[in-house]
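Participant: Attaching a single structure in C-alpha cells format; questions to follow.
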Amino acid sequence: MATPDTLQRRGLMFILSSPSGAGKTTISHMLLNADAEICLSVSVTTRPQRPGEVDGQDYIFVDQPTFDRMVEEEHFLEWAPVFGHSYGTPKAQVKAGLRDGQDFLFDIDWQGTQQLYQKLETDVVRVFLLPPTIDELRRRLTGRGTDAPNVIAKRMERARAEISHWDGYDYVVVNDDIDLCFAKVREILHAERMKRARQTGLIGFVRELMRD
Ligand code: ADP
Ligand code: 5GP
C-alpha cells in the first residue's frame with residue numbers, strides 16, 4: 001500500500017523568471033543539484049552558445065530556419081523573441097513527464113510564462129526573482145563576464161520593462177542573499193507539491209483509510 005510519502009502525484013511546471021542578471025540561472029542550478037524530482041525543461045534557442053554552455057543541456061542551439069520549421073510543426077508549448085533571438089519550450093517531454101509525476105523547471109521570460117499559464121494553468125507555478133537594487137543588477141551582469149558592454153546596456157534597458165511584469169507571478173522573491181533566496185524558492189516548491197489537486201494518489205489512500 002502507498003504511504004503518504006510515496007503517493008502518486010502529478011508533476012508541476014515550476015517557472016523561474018527575473019530580469020536578466022538577477023540570478024535565475026544560479027538559483028536554477030542550485031535547485032537542480034539539490035532536488036532529484038525536478039529536471040530542467042531545456043529550451044531551444046537561436047542565440048549563440050556562451051562559453052561553458054553545453055548543447056542539449058543548457059539549451060538546444062539551432063539556426064533560424066530550423067527554429068521556424070519547429071514552430072510550423074508545432075513542436076513548442078510556447079515560443080518568444082528575446083534580445084533579437086528566438087527561444088521556445090519543446091512540448092513532448094513535458095506533457096508525458098507531468099503525467100508520470102516529473103516536475104519541470106523553466107527558466108523563461110514573462111512572455112513564455114503568460115503563454116504557459118494560458119495553456120496549462122493548473123500545472124504552472126510562477127516565481128519571479130527581483131534584484132535588491134538596480135546598481136546591484138548592473139554589478140551582477142558586469143561581474144558575470146559573459147556579455148559585451150553593449151549587450152549589458154541593452155539588458156539594463158530592458159530590466160525595468162521586465163520588472164514591470166512582477167504582478168503576473170504567484171510568488172516574488174528578492175534575491176539579495178543567495179542562500180536565503182534559494183531556501184525560499186525550495187519552500188515554495190515543497191508546498192506546491194503538497195497541493196491536494198496534485199496528489200492524484202490521495203483518493204485511493206483515503207478510501208483505504210476509511211475501509212472497515
Ligand atoms: P540570470 O540567469 O537571471 O541572468 P545569473 O544567475 O546568471 O542571472 O546571475 C548573474 C550573476 O550574478 C552571476 O555572476 C551570479 O553568480 C551572480 N549572482 C546571482 N545571485 C547572486 C546573489 N544573490 N548575490 C551575488 N551575486 C549573485
Ligand atoms: P539568456 O540568453 O540570457 O539565456 O536568456 C534570455 C531570456 O530568454 C531570459 O529572460 C530567459 O528566461 C528567456 N528564455 C529562455 N528560454 C526561453 C523559452 O523557452 N521561452 C521563452 N519565452 N523565454 C525563454
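Ligands are numbered from 1 in the order shown, residues from 1 within each chain, and chains are lettered A, B, ... in the order they appear in the C-alpha cells.
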With only C-alpha atoms as the counted atoms, please give the residues lying no more than 10 Å from segment 81-98 of chain A, apart from itself and same-chain residues fewer than 3 positions off, as a ChimeraX atom specification.

Facilitator: /A:9-13,39-48,59-64,67-68,70-71,74-78,101-104,106-109,111-112,116,120,123,151,154-155,158

Participant: Which residues are near ligand 1 in this structure, taking near to mean any atom at most 6 Å from a ligand atom and counting only C-alpha atoms and all ligand atoms? Format them as a list of chain:residue names.

Facilitator: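 Answer in the requested format: A:Ser18, A:Ser20, A:Gly21, A:Ala22, A:Gly23, A:Lys24, A:Thr25, A:Thr26, A:Arg140, A:Leu141, A:Gly143, A:Arg144, A:Asn175, A:Asp176, A:Asp177, A:Ile178.
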
Participant: To one decimal place, how far is atom CA of Glu136 of chain A from atom CA of Trp110 of chain A in Å?

Facilitator: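 That distance, rounded to one decimal, is 21.3 Å.
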
Participant: I'd like the interatomic distance between atom CA of Pro65 of chain A and atom CA of Ser17 of chain A, to a tenth of an Å.

Facilitator: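 We find that atom CA of Pro65 of chain A and atom CA of Ser17 of chain A lie 27.1 Å from each other.
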
Participant: Hey, what's within 9 Å of segment 31-35 of chain A if we count only C-alpha atoms and toss same-chain stuff fewer than 6 positions away? As a list in words, please?

Facilitator: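 After dropping sequence-adjacent residues, the list is Leu105, Phe182, Val185 and Arg186 of chain A.
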